[in-house]
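K.L.:
mmCIF, C-alpha atoms and all ligand atoms, file structure.cif:
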data_structure
loop_
_atom_site.group_PDB
_atom_site.id
_atom_site.type_symbol
_atom_site.label_atom_id
_atom_site.label_comp_id
_atom_site.auth_asym_id
_atom_site.auth_seq_id
_atom_site.Cartn_x
_atom_site.Cartn_y
_atom_site.Cartn_z
ATOM 1 C CA MET A 1 57.200 278.620 -54.337
ATOM 2 C CA THR A 2 54.935 281.101 -56.162
ATOM 3 C CA LYS A 3 55.865 284.771 -56.520
ATOM 4 C CA ALA A 4 54.737 287.037 -53.652
ATOM 5 C CA PRO A 5 51.484 288.782 -54.616
ATOM 6 C CA ASN A 6 50.752 292.465 -55.015
ATOM 7 C CA ILE A 7 48.644 293.394 -52.040
ATOM 8 C CA SER A 8 46.113 296.038 -51.108
ATOM 9 C CA PHE A 9 44.216 296.720 -47.899
ATOM 10 C CA GLU A 10 40.721 297.876 -47.021
ATOM 11 C CA PHE A 11 40.178 300.023 -43.925
ATOM 12 C CA PHE A 12 37.092 301.332 -42.157
ATOM 13 C CA PRO A 13 36.903 305.088 -41.710
ATOM 14 C CA PRO A 14 36.800 306.278 -38.092
ATOM 15 C CA LYS A 15 33.352 307.028 -36.626
ATOM 16 C CA ASN A 16 34.743 309.240 -33.875
ATOM 17 C CA ILE A 17 38.029 310.582 -32.542
ATOM 18 C CA GLN A 18 38.689 307.442 -30.484
ATOM 19 C CA ALA A 19 38.336 305.295 -33.620
ATOM 20 C CA CYS A 20 40.873 307.554 -35.357
ATOM 21 C CA PHE A 21 43.535 306.189 -33.007
ATOM 22 C CA SER A 22 42.598 302.608 -33.825
ATOM 23 C CA LEU A 23 42.693 303.308 -37.584
ATOM 24 C CA PHE A 24 46.126 304.869 -37.346
ATOM 25 C CA GLU A 25 47.460 302.041 -35.173
ATOM 26 C CA THR A 26 46.309 299.701 -37.946
ATOM 27 C CA VAL A 27 47.882 301.837 -40.616
ATOM 28 C CA GLU A 28 51.155 302.036 -38.655
ATOM 29 C CA ALA A 29 51.194 298.250 -38.400
ATOM 30 C CA PHE A 30 51.328 298.036 -42.215
ATOM 31 C CA GLN A 31 54.164 300.504 -42.620
ATOM 32 C CA GLY A 32 56.832 299.316 -45.009
ATOM 33 C CA MET A 33 54.542 296.856 -46.800
ATOM 34 C CA ASP A 34 54.103 298.832 -50.023
ATOM 35 C CA PRO A 35 50.477 298.082 -50.974
ATOM 36 C CA THR A 36 49.418 298.766 -54.576
ATOM 37 C CA PHE A 37 46.542 300.754 -53.082
ATOM 38 C CA VAL A 38 44.535 301.005 -49.900
ATOM 39 C CA SER A 39 40.803 301.571 -49.832
ATOM 40 C CA VAL A 40 38.574 303.264 -47.281
ATOM 41 C CA THR A 41 34.955 302.156 -46.945
ATOM 42 C CA TYR A 42 32.016 304.516 -47.075
ATOM 43 C CA GLY A 43 28.995 304.725 -44.822
ATOM 44 C CA ALA A 44 26.093 306.834 -45.965
ATOM 45 C CA GLY A 45 25.511 308.386 -42.522
ATOM 46 C CA GLY A 46 26.212 312.107 -42.349
ATOM 47 C CA THR A 47 28.444 312.315 -39.261
ATOM 48 C CA THR A 48 31.225 310.038 -40.457
ATOM 49 C CA ARG A 49 31.494 311.740 -43.855
ATOM 50 C CA GLU A 50 33.950 314.411 -42.716
ATOM 51 C CA LEU A 51 36.113 311.981 -40.773
ATOM 52 C CA THR A 52 36.102 309.637 -43.785
ATOM 53 C CA HIS A 53 37.235 312.442 -46.042
ATOM 54 C CA ASP A 54 39.988 313.454 -43.625
ATOM 55 C CA ALA A 55 41.159 309.859 -43.216
ATOM 56 C CA VAL A 56 41.289 309.334 -47.005
ATOM 57 C CA SER A 57 43.186 312.571 -47.477
ATOM 58 C CA LEU A 58 45.656 311.838 -44.686
ATOM 59 C CA LEU A 59 46.422 308.300 -45.856
ATOM 60 C CA ASN A 60 47.179 309.731 -49.268
ATOM 61 C CA LYS A 61 49.219 312.734 -48.147
ATOM 62 C CA GLU A 62 51.013 311.585 -45.020
ATOM 63 C CA TYR A 63 51.560 307.935 -45.864
ATOM 64 C CA GLY A 64 52.036 308.386 -49.598
ATOM 65 C CA TRP A 65 49.632 305.555 -50.323
ATOM 66 C CA ASN A 66 47.501 305.357 -53.412
ATOM 67 C CA VAL A 67 44.033 305.588 -51.866
ATOM 68 C CA ALA A 68 40.787 304.383 -53.424
ATOM 69 C CA ALA A 69 37.850 306.009 -51.653
ATOM 70 C CA HIS A 70 34.640 303.983 -51.628
ATOM 71 C CA LEU A 71 31.480 305.773 -52.693
ATOM 72 C CA THR A 72 27.887 304.502 -52.734
ATOM 73 C CA CYS A 73 24.583 305.720 -54.163
ATOM 74 C CA VAL A 74 22.872 305.549 -50.763
ATOM 75 C CA ASN A 75 21.114 308.496 -49.162
ATOM 76 C CA ALA A 76 22.353 311.291 -51.428
ATOM 77 C CA THR A 77 21.378 313.081 -54.620
ATOM 78 C CA LYS A 78 23.529 312.693 -57.720
ATOM 79 C CA GLU A 79 24.954 316.182 -57.142
ATOM 80 C CA GLU A 80 25.866 315.385 -53.537
ATOM 81 C CA THR A 81 27.503 312.110 -54.509
ATOM 82 C CA LEU A 82 29.539 313.723 -57.280
ATOM 83 C CA ALA A 83 30.500 316.568 -54.924
ATOM 84 C CA ILE A 84 32.018 313.988 -52.573
ATOM 85 C CA ALA A 85 33.993 312.529 -55.475
ATOM 86 C CA LYS A 86 35.157 316.026 -56.426
ATOM 87 C CA SER A 87 36.290 316.675 -52.859
ATOM 88 C CA TYR A 88 38.528 313.592 -53.145
ATOM 89 C CA LYS A 89 39.951 314.783 -56.444
ATOM 90 C CA GLU A 90 40.777 318.128 -54.807
ATOM 91 C CA VAL A 91 42.990 316.413 -52.217
ATOM 92 C CA GLY A 92 44.769 314.317 -54.855
ATOM 93 C CA VAL A 93 42.759 311.089 -54.558
ATOM 94 C CA ASN A 94 42.175 309.710 -58.045
ATOM 95 C CA GLU A 95 40.615 306.328 -57.391
ATOM 96 C CA ILE A 96 37.040 305.512 -56.412
ATOM 97 C CA VAL A 97 35.492 302.168 -55.510
ATOM 98 C CA ALA A 98 32.045 302.842 -56.997
ATOM 99 C CA LEU A 99 29.178 300.887 -55.429
ATOM 100 C CA ARG A 100 25.444 300.907 -55.234
ATOM 101 C CA GLY A 101 25.538 300.230 -51.488
ATOM 102 C CA ASP A 102 23.265 298.278 -49.198
ATOM 103 C CA PRO A 103 19.782 299.361 -48.189
ATOM 104 C CA PRO A 104 19.616 300.709 -44.614
ATOM 105 C CA LYS A 105 19.117 297.979 -41.977
ATOM 106 C CA GLY A 106 15.545 296.673 -42.016
ATOM 107 C CA ALA A 107 14.723 298.377 -45.338
ATOM 108 C CA GLY A 108 14.902 295.131 -47.333
ATOM 109 C CA LYS A 109 15.253 296.364 -50.886
ATOM 110 C CA PHE A 110 17.540 299.137 -52.149
ATOM 111 C CA THR A 111 15.550 302.238 -53.015
ATOM 112 C CA PRO A 112 17.325 305.131 -54.702
ATOM 113 C CA ALA A 113 17.382 308.418 -52.801
ATOM 114 C CA GLU A 114 15.263 311.151 -54.367
ATOM 115 C CA GLY A 115 17.432 312.587 -57.132
ATOM 116 C CA GLY A 116 20.057 309.946 -56.437
ATOM 117 C CA PHE A 117 21.756 307.314 -58.594
ATOM 118 C CA SER A 118 19.588 304.215 -59.062
ATOM 119 C CA ASN A 119 22.382 301.697 -59.374
ATOM 120 C CA SER A 120 26.136 301.230 -59.574
ATOM 121 C CA VAL A 121 26.251 301.473 -63.389
ATOM 122 C CA GLU A 122 24.721 304.965 -63.285
ATOM 123 C CA LEU A 123 27.304 306.035 -60.702
ATOM 124 C CA ILE A 124 30.197 304.544 -62.691
ATOM 125 C CA THR A 125 28.993 306.283 -65.871
ATOM 126 C CA ALA A 126 28.780 309.655 -64.123
ATOM 127 C CA LEU A 127 32.215 309.275 -62.497
ATOM 128 C CA LYS A 128 33.730 308.217 -65.820
ATOM 129 C CA GLU A 129 32.278 311.315 -67.504
ATOM 130 C CA THR A 130 34.236 313.530 -65.089
ATOM 131 C CA GLY A 131 37.415 312.002 -66.534
ATOM 132 C CA ASP A 132 38.991 312.324 -63.096
ATOM 133 C CA PHE A 133 39.082 308.821 -61.686
ATOM 134 C CA LYS A 134 40.316 305.297 -61.982
ATOM 135 C CA ILE A 135 37.203 303.294 -61.066
ATOM 136 C CA ARG A 136 37.113 300.045 -59.150
ATOM 137 C CA VAL A 137 33.869 298.159 -58.587
ATOM 138 C CA GLY A 138 32.512 295.217 -56.574
ATOM 139 C CA ALA A 139 32.147 291.669 -57.966
ATOM 140 C CA TYR A 140 30.507 288.573 -56.522
ATOM 141 C CA PRO A 141 32.048 285.081 -56.963
ATOM 142 C CA ASP A 142 29.298 283.672 -54.714
ATOM 143 C CA PRO A 143 26.024 285.085 -55.988
ATOM 144 C CA HIS A 144 25.006 288.434 -54.456
ATOM 145 C CA PRO A 145 21.809 288.010 -52.377
ATOM 146 C CA GLU A 146 19.920 290.090 -54.968
ATOM 147 C CA ALA A 147 21.256 288.267 -58.031
ATOM 148 C CA ALA A 148 18.598 286.428 -60.035
ATOM 149 C CA ASP A 149 21.163 283.648 -60.619
ATOM 150 C CA GLU A 150 24.955 283.300 -60.817
ATOM 151 C CA ASN A 151 25.024 284.613 -64.383
ATOM 152 C CA ALA A 152 23.207 287.803 -63.330
ATOM 153 C CA ASP A 153 26.296 288.935 -61.409
ATOM 154 C CA VAL A 154 28.462 288.330 -64.460
ATOM 155 C CA SER A 155 26.243 290.175 -66.944
ATOM 156 C CA TRP A 156 25.847 293.061 -64.498
ATOM 157 C CA LEU A 157 29.620 293.158 -63.933
ATOM 158 C CA LYS A 158 30.096 293.292 -67.700
ATOM 159 C CA GLN A 159 27.853 296.366 -67.793
ATOM 160 C CA LYS A 160 29.965 297.938 -65.055
ATOM 161 C CA PHE A 161 33.136 297.446 -67.118
ATOM 162 C CA GLU A 162 31.399 298.758 -70.230
ATOM 163 C CA ALA A 163 30.368 301.846 -68.235
ATOM 164 C CA GLY A 164 34.022 302.564 -67.451
ATOM 165 C CA ALA A 165 35.194 300.402 -64.537
ATOM 166 C CA ASP A 166 38.923 299.705 -64.636
ATOM 167 C CA SER A 167 39.009 296.761 -62.237
ATOM 168 C CA ALA A 168 36.808 294.801 -59.851
ATOM 169 C CA ILE A 169 37.412 293.729 -56.264
ATOM 170 C CA THR A 170 35.451 290.688 -55.204
ATOM 171 C CA GLN A 171 33.341 290.147 -52.141
ATOM 172 C CA PHE A 172 35.202 287.827 -49.735
ATOM 173 C CA PHE A 173 34.820 284.103 -50.344
ATOM 174 C CA PHE A 174 36.224 280.939 -48.795
ATOM 175 C CA GLU A 175 35.973 278.431 -51.649
ATOM 176 C CA PRO A 176 38.717 279.098 -54.210
ATOM 177 C CA GLU A 177 36.845 276.913 -56.704
ATOM 178 C CA ASN A 178 33.893 279.332 -56.575
ATOM 179 C CA PHE A 179 36.234 282.173 -57.501
ATOM 180 C CA PHE A 180 37.754 280.159 -60.379
ATOM 181 C CA ARG A 181 34.314 279.256 -61.721
ATOM 182 C CA PHE A 182 33.310 282.922 -61.510
ATOM 183 C CA ARG A 183 36.515 283.916 -63.336
ATOM 184 C CA ASP A 184 35.692 281.371 -66.054
ATOM 185 C CA ARG A 185 32.140 282.733 -66.414
ATOM 186 C CA CYS A 186 33.577 286.262 -66.695
ATOM 187 C CA ASP A 187 36.044 285.050 -69.360
ATOM 188 C CA ARG A 188 33.242 283.414 -71.325
ATOM 189 C CA ALA A 189 31.199 286.636 -71.085
ATOM 190 C CA GLY A 190 34.104 288.540 -72.643
ATOM 191 C CA ILE A 191 35.099 290.449 -69.496
ATOM 192 C CA THR A 192 38.754 291.350 -69.785
ATOM 193 C CA GLY A 193 39.080 293.759 -66.836
ATOM 194 C CA GLN A 194 41.097 292.725 -63.795
ATOM 195 C CA LEU A 195 39.353 290.737 -61.015
ATOM 196 C CA ILE A 196 41.068 291.152 -57.653
ATOM 197 C CA PRO A 197 40.084 288.539 -55.058
ATOM 198 C CA GLY A 198 38.873 290.039 -51.766
ATOM 199 C CA ILE A 199 40.358 288.142 -48.826
ATOM 200 C CA LEU A 200 38.880 288.151 -45.333
ATOM 201 C CA PRO A 201 40.946 286.549 -42.575
ATOM 202 C CA ILE A 202 38.487 285.243 -39.975
ATOM 203 C CA THR A 203 38.819 287.409 -36.881
ATOM 204 C CA GLY A 204 35.949 285.732 -35.032
ATOM 205 C CA TRP A 205 34.240 282.422 -35.815
ATOM 206 C CA LYS A 206 30.758 283.330 -34.479
ATOM 207 C CA GLY A 207 30.752 286.783 -36.102
ATOM 208 C CA ILE A 208 31.870 285.494 -39.485
ATOM 209 C CA GLN A 209 29.001 283.006 -39.643
ATOM 210 C CA ARG A 210 26.469 285.841 -39.285
ATOM 211 C CA PHE A 211 28.351 288.155 -41.633
ATOM 212 C CA ALA A 212 28.888 285.512 -44.330
ATOM 213 C CA ALA A 213 25.207 284.535 -44.192
ATOM 214 C CA SER A 214 24.163 288.159 -44.718
ATOM 215 C CA CYS A 215 26.465 288.416 -47.757
ATOM 216 C CA GLY A 216 25.428 285.055 -49.231
ATOM 217 C CA THR A 217 28.958 283.670 -48.823
ATOM 218 C CA PRO A 218 29.068 279.927 -48.063
ATOM 219 C CA ILE A 219 31.462 278.703 -45.389
ATOM 220 C CA PRO A 220 33.046 275.314 -46.173
ATOM 221 C CA ILE A 221 31.978 272.459 -43.894
ATOM 222 C CA SER A 222 35.656 271.748 -43.285
ATOM 223 C CA TYR A 223 35.976 275.203 -41.656
ATOM 224 C CA GLU A 224 33.183 274.363 -39.197
ATOM 225 C CA ALA A 225 34.891 271.170 -38.112
ATOM 226 C CA ALA A 226 38.277 272.893 -37.877
ATOM 227 C CA PHE A 227 37.015 275.775 -35.708
ATOM 228 C CA GLU A 228 35.019 273.413 -33.505
ATOM 229 C CA HIS A 229 38.042 271.286 -32.742
ATOM 230 C CA SER A 230 40.765 273.918 -32.593
ATOM 231 C CA SER A 231 41.898 275.553 -29.374
ATOM 232 C CA ASP A 232 43.890 278.164 -31.299
ATOM 233 C CA HIS A 233 41.470 280.033 -33.595
ATOM 234 C CA HIS A 234 44.044 282.732 -34.262
ATOM 235 C CA GLN A 235 46.560 280.313 -35.794
ATOM 236 C CA LEU A 236 43.798 278.373 -37.544
ATOM 237 C CA SER A 237 42.557 281.574 -39.246
ATOM 238 C CA ILE A 238 46.064 282.353 -40.421
ATOM 239 C CA ASP A 239 46.529 278.814 -41.770
ATOM 240 C CA LEU A 240 43.164 278.683 -43.572
ATOM 241 C CA CYS A 241 43.587 282.115 -45.089
ATOM 242 C CA THR A 242 47.155 281.389 -46.174
ATOM 243 C CA LYS A 243 45.995 278.172 -47.848
ATOM 244 C CA LEU A 244 43.193 280.005 -49.684
ATOM 245 C CA CYS A 245 45.631 282.644 -50.943
ATOM 246 C CA GLU A 246 48.184 280.022 -52.001
ATOM 247 C CA LYS A 247 45.550 278.229 -54.078
ATOM 248 C CA LEU A 248 44.670 281.513 -55.807
ATOM 249 C CA LEU A 249 48.324 282.343 -56.483
ATOM 250 C CA ALA A 250 48.955 278.845 -57.846
ATOM 251 C CA GLU A 251 46.234 279.523 -60.454
ATOM 252 C CA GLY A 252 47.799 282.723 -61.738
ATOM 253 C CA ILE A 253 46.325 285.357 -59.415
ATOM 254 C CA GLU A 254 48.839 288.150 -58.811
ATOM 255 C CA ASP A 255 46.873 290.649 -56.687
ATOM 256 C CA LEU A 256 45.060 290.152 -53.386
ATOM 257 C CA HIS A 257 42.874 292.695 -51.568
ATOM 258 C CA PHE A 258 42.688 292.160 -47.794
ATOM 259 C CA TYR A 259 39.631 293.174 -45.782
ATOM 260 C CA THR A 260 41.567 294.164 -42.652
ATOM 261 C CA LEU A 261 38.552 295.224 -40.512
ATOM 262 C CA ASN A 262 41.158 297.586 -38.995
ATOM 263 C CA ARG A 263 42.697 294.582 -37.232
ATOM 264 C CA PRO A 264 46.099 294.126 -38.806
ATOM 265 C CA THR A 265 47.498 291.070 -37.010
ATOM 266 C CA LEU A 266 45.974 288.271 -39.107
ATOM 267 C CA THR A 267 46.460 290.057 -42.432
ATOM 268 C CA LYS A 268 50.107 290.756 -41.582
ATOM 269 C CA ALA A 269 50.728 287.131 -40.632
ATOM 270 C CA VAL A 270 49.127 285.857 -43.865
ATOM 271 C CA CYS A 271 51.136 288.348 -45.937
ATOM 272 C CA ALA A 272 54.333 287.185 -44.216
ATOM 273 C CA ASN A 273 53.451 283.551 -45.047
ATOM 274 C CA LEU A 274 53.002 284.571 -48.694
ATOM 275 C CA GLY A 275 56.429 286.170 -48.790
ATOM 276 C CA VAL A 276 55.195 289.774 -48.733
ATOM 277 C CA ILE A 277 57.725 291.748 -46.733
HETATM 278 P P1 LIG B 301 25.889 295.841 -57.824
HETATM 279 O O1 LIG B 301 26.989 295.004 -58.396
HETATM 280 O O2 LIG B 301 25.466 296.996 -58.576
HETATM 281 O O3 LIG B 301 24.638 294.901 -57.528
HETATM 282 C C1 LIG B 301 24.806 293.641 -56.861
HETATM 283 C C2 LIG B 301 24.131 292.543 -57.661
HETATM 284 O O4 LIG B 301 22.732 292.785 -57.663
HETATM 285 C C3 LIG B 301 24.562 292.515 -59.120
HETATM 286 O O5 LIG B 301 25.697 291.714 -59.313
HETATM 287 C C4 LIG B 301 23.322 292.006 -59.816
HETATM 288 O O6 LIG B 301 23.254 290.605 -59.730
HETATM 289 C C5 LIG B 301 22.208 292.595 -58.960
HETATM 290 N N1 LIG B 301 21.773 293.919 -59.473
HETATM 291 C C6 LIG B 301 21.791 295.104 -58.788
HETATM 292 N N2 LIG B 301 21.250 296.077 -59.539
HETATM 293 C C7 LIG B 301 20.899 295.521 -60.707
HETATM 294 C C8 LIG B 301 20.278 296.027 -61.890
HETATM 295 N N3 LIG B 301 19.879 297.287 -62.001
HETATM 296 N N4 LIG B 301 20.083 295.160 -62.918
HETATM 297 C C9 LIG B 301 20.419 293.875 -62.825
HETATM 298 N N5 LIG B 301 21.024 293.343 -61.705
HETATM 299 C C10 LIG B 301 21.244 294.150 -60.676
HETATM 300 N N6 LIG B 301 28.942 298.801 -48.876
HETATM 301 C C11 LIG B 301 28.959 300.021 -48.266
HETATM 302 O O7 LIG B 301 27.919 300.470 -47.796
HETATM 303 N N7 LIG B 301 30.108 300.761 -48.182
HETATM 304 C C12 LIG B 301 31.280 300.321 -48.716
HETATM 305 O O8 LIG B 301 32.301 301.009 -48.629
HETATM 306 C C13 LIG B 301 31.299 299.047 -49.365
HETATM 307 N N8 LIG B 301 32.433 298.570 -49.943
HETATM 308 C C14 LIG B 301 32.395 297.414 -50.663
HETATM 309 C C15 LIG B 301 33.551 296.994 -51.341
HETATM 310 C C16 LIG B 301 33.534 295.841 -52.116
HETATM 311 C C17 LIG B 301 34.786 295.436 -52.847
HETATM 312 C C18 LIG B 301 32.349 295.055 -52.192
HETATM 313 C C19 LIG B 301 32.345 293.800 -53.023
HETATM 314 C C20 LIG B 301 31.206 295.452 -51.513
HETATM 315 C C21 LIG B 301 31.210 296.628 -50.739
HETATM 316 N N9 LIG B 301 30.073 297.083 -50.079
HETATM 317 C C22 LIG B 301 30.084 298.307 -49.430
HETATM 318 C C23 LIG B 301 28.845 296.260 -50.065
HETATM 319 C C24 LIG B 301 27.957 296.646 -51.243
HETATM 320 O O9 LIG B 301 27.478 297.966 -51.070
HETATM 321 C C25 LIG B 301 26.792 295.660 -51.305
HETATM 322 O O10 LIG B 301 27.250 294.379 -51.648
HETATM 323 C C26 LIG B 301 25.666 296.111 -52.206
HETATM 324 O O11 LIG B 301 24.516 295.300 -51.920
HETATM 325 C C27 LIG B 301 25.980 295.960 -53.681
HETATM 326 O O12 LIG B 301 26.775 296.977 -54.151
HETATM 327 P P2 LIG B 301 27.453 296.836 -55.624
HETATM 328 O O13 LIG B 301 27.776 298.165 -56.131
HETATM 329 O O14 LIG B 301 28.556 295.851 -55.613
HETATM 330 O O15 LIG B 301 26.192 296.249 -56.352
#
Taking this structure as input, can you express it in the form of structure tokens?
Ligand code: FAD

P.N.:
Amino acid sequence: MTKAPNISFEFFPPKNIQACFSLFETVEAFQGMDPTFVSVTYGAGGTTRELTHDAVSLLNKEYGWNVAAHLTCVNATKEETLAIAKSYKEVGVNEIVALRGDPPKGAGKFTPAEGGFSNSVELITALKETGDFKIRVGAYPDPHPEAADENADVSWLKQKFEAGADSAITQFFFEPENFFRFRDRCDRAGITGQLIPGILPITGWKGIQRFAASCGTPIPISYEAAFEHSSDHHQLSIDLCTKLCEKLLAEGIEDLHFYTLNRPTLTKAVCANLGVI
């Protein structure tokens, strides 16, 4: 049996007070599991910003977790974006997941805000210059929808590391071989920074098909057949996700980042299967 992995969890910030309860139920469910870090996603909309900040601060202070706050370039000037980073530093949060972010729904292409960062490398460079943060970034084992080809993601990731990124968390994927090929391409490009696989247990078969398509993540044909014929999707998701993680661990991966979607049950079951207590 392989060694139990180091784990980390991604949470959504609450959009309103009601959602705060759901976030903290999720967080409570992971008590005692000792993640390396937890991360909190970032939406560019104004109203959730304060709740996001409070959630990040609370997870750090009350739960003692190492929190990485996500930050994007969307809908803010450079000054505003860096002020958000500074506000995290002031409450003791020293890690940022630095991203370009998606264009608003229907907008098609990403357009920088007036006076805002144009891309993730600019944001990483500016955060690095503050000297205040460990910087994590996104990486794409299956090509990002905007990538010119699969090597474009690798050369862009290299620029992110050169700008000061300390590690990269991947988009979720279902084909371990795609991750290994990506890792090989990164090796060949001279990338030495850590790549942490992003793991998404499937909480709903219909929803994941839409979501994966929008991210450019292929779903194996074997998954389609399995979900079609299974009467227990919950157990099937646990089994498929456990198998994916085991294949990664067997090839030397030591850290896994779980996209929890604030629904802890599947992630907890997979972690238990992997020997994470
Ligand atoms: P980048 O890596 O900067 O760009 C994506 C790809 O596009 C590159 O790999 C490259 O192929 C191409 N590209 C982009 N710009 C250039 C350029 N100037 N030159 C050449 N190639 C370029 N979204 C949110 O809104 N909030 C979140 O909290 C959030 N968290 C995320 C966490 C992780 C771990 C990941 C992987 C994604 C997350 N996202 C989040 C989604 C993310 O914002 C989108 O995938 C977005 O489209 C790309 O952001 P990025 O910083 O990873 O992009």

K.L.:
Which residue gives the smallest distance to ligand LIG 301 (chain B) among A:Ser231, A:Gln209, A:Thr52, A:Asn273, with only C-alpha atoms and all ligand atoms counted?

P.N.:
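Selected residue with least distance to ligand LIG 301 (chain B): A:Thr52.
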
K.L.:
Can you pull out the residues contacting Phe30 of chain A? Cut-off 12 Å, using all atoms listed in the file, and skip same-chain residues under 5 positions away; I want them as a ChimeraX atom specification.

P.N.:
/A:7-11,23-25,35,38,59,63,65,258,260,262-269,271-272,276-277

K.L.:
List as a tab-separated table every residue of chain A that is in contact with ligand LIG 301 (chain B), defined as an atom at most 7 Å from one of its atoms (using all atoms listed in the file), together with the nearest atom pair and the distance in Å rounded to one decimal, sorted by chain and then rising number.

P.N.:
residue	atom	partner	partner_atom	distance
A:Val40	CA	B:LIG301	O8	6.8
A:Thr41	CA	B:LIG301	O8	3.3
A:Tyr42	CA	B:LIG301	O8	3.8
A:Gly43	CA	B:LIG301	O7	5.3
A:Ala44	CA	B:LIG301	O7	6.9
A:His70	CA	B:LIG301	O8	4.8
A:Leu71	CA	B:LIG301	O8	6.3
A:Thr72	CA	B:LIG301	N7	6.3
A:Val97	CA	B:LIG301	C15	6.9
A:Ala98	CA	B:LIG301	O13	6.4
A:Leu99	CA	B:LIG301	O13	3.1
A:Arg100	CA	B:LIG301	O13	3.7
A:Gly101	CA	B:LIG301	O9	3.0
A:Asp102	CA	B:LIG301	O11	4.2
A:Asn119	CA	B:LIG301	O2	5.7
A:Ser120	CA	B:LIG301	O2	4.4
A:Val121	CA	B:LIG301	O2	6.6
A:Val137	CA	B:LIG301	C17	6.4
A:Gly138	CA	B:LIG301	C19	3.8
A:Ala139	CA	B:LIG301	C19	5.4
A:Tyr140	CA	B:LIG301	O5	6.4
A:His144	CA	B:LIG301	C2	5.3
A:Glu146	CA	B:LIG301	O4	4.7
A:Ala147	CA	B:LIG301	O6	3.5
A:Ala148	CA	B:LIG301	O6	6.3
A:Ala152	CA	B:LIG301	O6	4.6
A:Asp153	CA	B:LIG301	O5	3.5
A:Val154	CA	B:LIG301	O5	6.8
A:Trp156	CA	B:LIG301	O5	5.4
A:Leu157	CA	B:LIG301	O5	6.2
A:Ile169	CA	B:LIG301	C17	4.6
A:Thr170	CA	B:LIG301	C19	4.9
A:Gln171	CA	B:LIG301	C19	3.9
A:Gly198	CA	B:LIG301	C17	6.9

K.L.:
Could you save those same residues with C-alpha atoms as a PDB file, in the coordinates of the input?

P.N.:
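What landed in part.pdb:
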ATOM      1  CA  VAL A  40      38.574 303.264 -47.281  1.00  0.00           C
ATOM      2  CA  THR A  41      34.955 302.156 -46.945  1.00  0.00           C
ATOM      3  CA  TYR A  42      32.016 304.516 -47.075  1.00  0.00           C
ATOM      4  CA  GLY A  43      28.995 304.725 -44.822  1.00  0.00           C
ATOM      5  CA  ALA A  44      26.093 306.834 -45.965  1.00  0.00           C
ATOM      6  CA  HIS A  70      34.640 303.983 -51.628  1.00  0.00           C
ATOM      7  CA  LEU A  71      31.480 305.773 -52.693  1.00  0.00           C
ATOM      8  CA  THR A  72      27.887 304.502 -52.734  1.00  0.00           C
ATOM      9  CA  VAL A  97      35.492 302.168 -55.510  1.00  0.00           C
ATOM     10  CA  ALA A  98      32.045 302.842 -56.997  1.00  0.00           C
ATOM     11  CA  LEU A  99      29.178 300.887 -55.429  1.00  0.00           C
ATOM     12  CA  ARG A 100      25.444 300.907 -55.234  1.00  0.00           C
ATOM     13  CA  GLY A 101      25.538 300.230 -51.488  1.00  0.00           C
ATOM     14  CA  ASP A 102      23.265 298.278 -49.198  1.00  0.00           C
ATOM     15  CA  ASN A 119      22.382 301.697 -59.374  1.00  0.00           C
ATOM     16  CA  SER A 120      26.136 301.230 -59.574  1.00  0.00           C
ATOM     17  CA  VAL A 121      26.251 301.473 -63.389  1.00  0.00           C
ATOM     18  CA  VAL A 137      33.869 298.159 -58.587  1.00  0.00           C
ATOM     19  CA  GLY A 138      32.512 295.217 -56.574  1.00  0.00           C
ATOM     20  CA  ALA A 139      32.147 291.669 -57.966  1.00  0.00           C
ATOM     21  CA  TYR A 140      30.507 288.573 -56.522  1.00  0.00           C
ATOM     22  CA  HIS A 144      25.006 288.434 -54.456  1.00  0.00           C
ATOM     23  CA  GLU A 146      19.920 290.090 -54.968  1.00  0.00           C
ATOM     24  CA  ALA A 147      21.256 288.267 -58.031  1.00  0.00           C
ATOM     25  CA  ALA A 148      18.598 286.428 -60.035  1.00  0.00           C
ATOM     26  CA  ALA A 152      23.207 287.803 -63.330  1.00  0.00           C
ATOM     27  CA  ASP A 153      26.296 288.935 -61.409  1.00  0.00           C
ATOM     28  CA  VAL A 154      28.462 288.330 -64.460  1.00  0.00           C
ATOM     29  CA  TRP A 156      25.847 293.061 -64.498  1.00  0.00           C
ATOM     30  CA  LEU A 157      29.620 293.158 -63.933  1.00  0.00           C
ATOM     31  CA  ILE A 169      37.412 293.729 -56.264  1.00  0.00           C
ATOM     32  CA  THR A 170      35.451 290.688 -55.204  1.00  0.00           C
ATOM     33  CA  GLN A 171      33.341 290.147 -52.141  1.00  0.00           C
ATOM     34  CA  GLY A 198      38.873 290.039 -51.766  1.00  0.00           C
TER      35      GLY A 198
END

K.L.:
Do you know which residues lie at most 10 Å from (36.7, 282.5, -54.2), with coordinates as in the file and all atoms listed in the file counted, and could you write them as number ranges by chain?

P.N.:
A: 140-142, 170-183, 197-199, 217, 244-245, 247-248

K.L.:
Would you pick out the contacts of segment 56-58 of chain A at 9 Å or less, using all atoms listed in the file, so that residues sharing its chain but fewer than 4 positions from it are not included, and give the list as a PyMOL selection string?

P.N.:
chain A and resi 13+39-40+51-52+62-64+67-69+88+91-93

K.L.:
Using the chain letters and numbering of this document, enumerate as a ChimeraX atom specification the residues selected by the PyMOL selection byres (((chain A and resi 114-117) around 12) and not hetatm).

P.N.:
/A:71-82,98-101,110-113,118-127

K.L.:
Rounded to one decimal place, report the atom CA of Gln159 of chain A-atom CA of Ala189 of chain A distance in Å.

P.N.:
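Taking atom CA of Gln159 of chain A and atom CA of Ala189 of chain A, their separation equals 10.8 Å.
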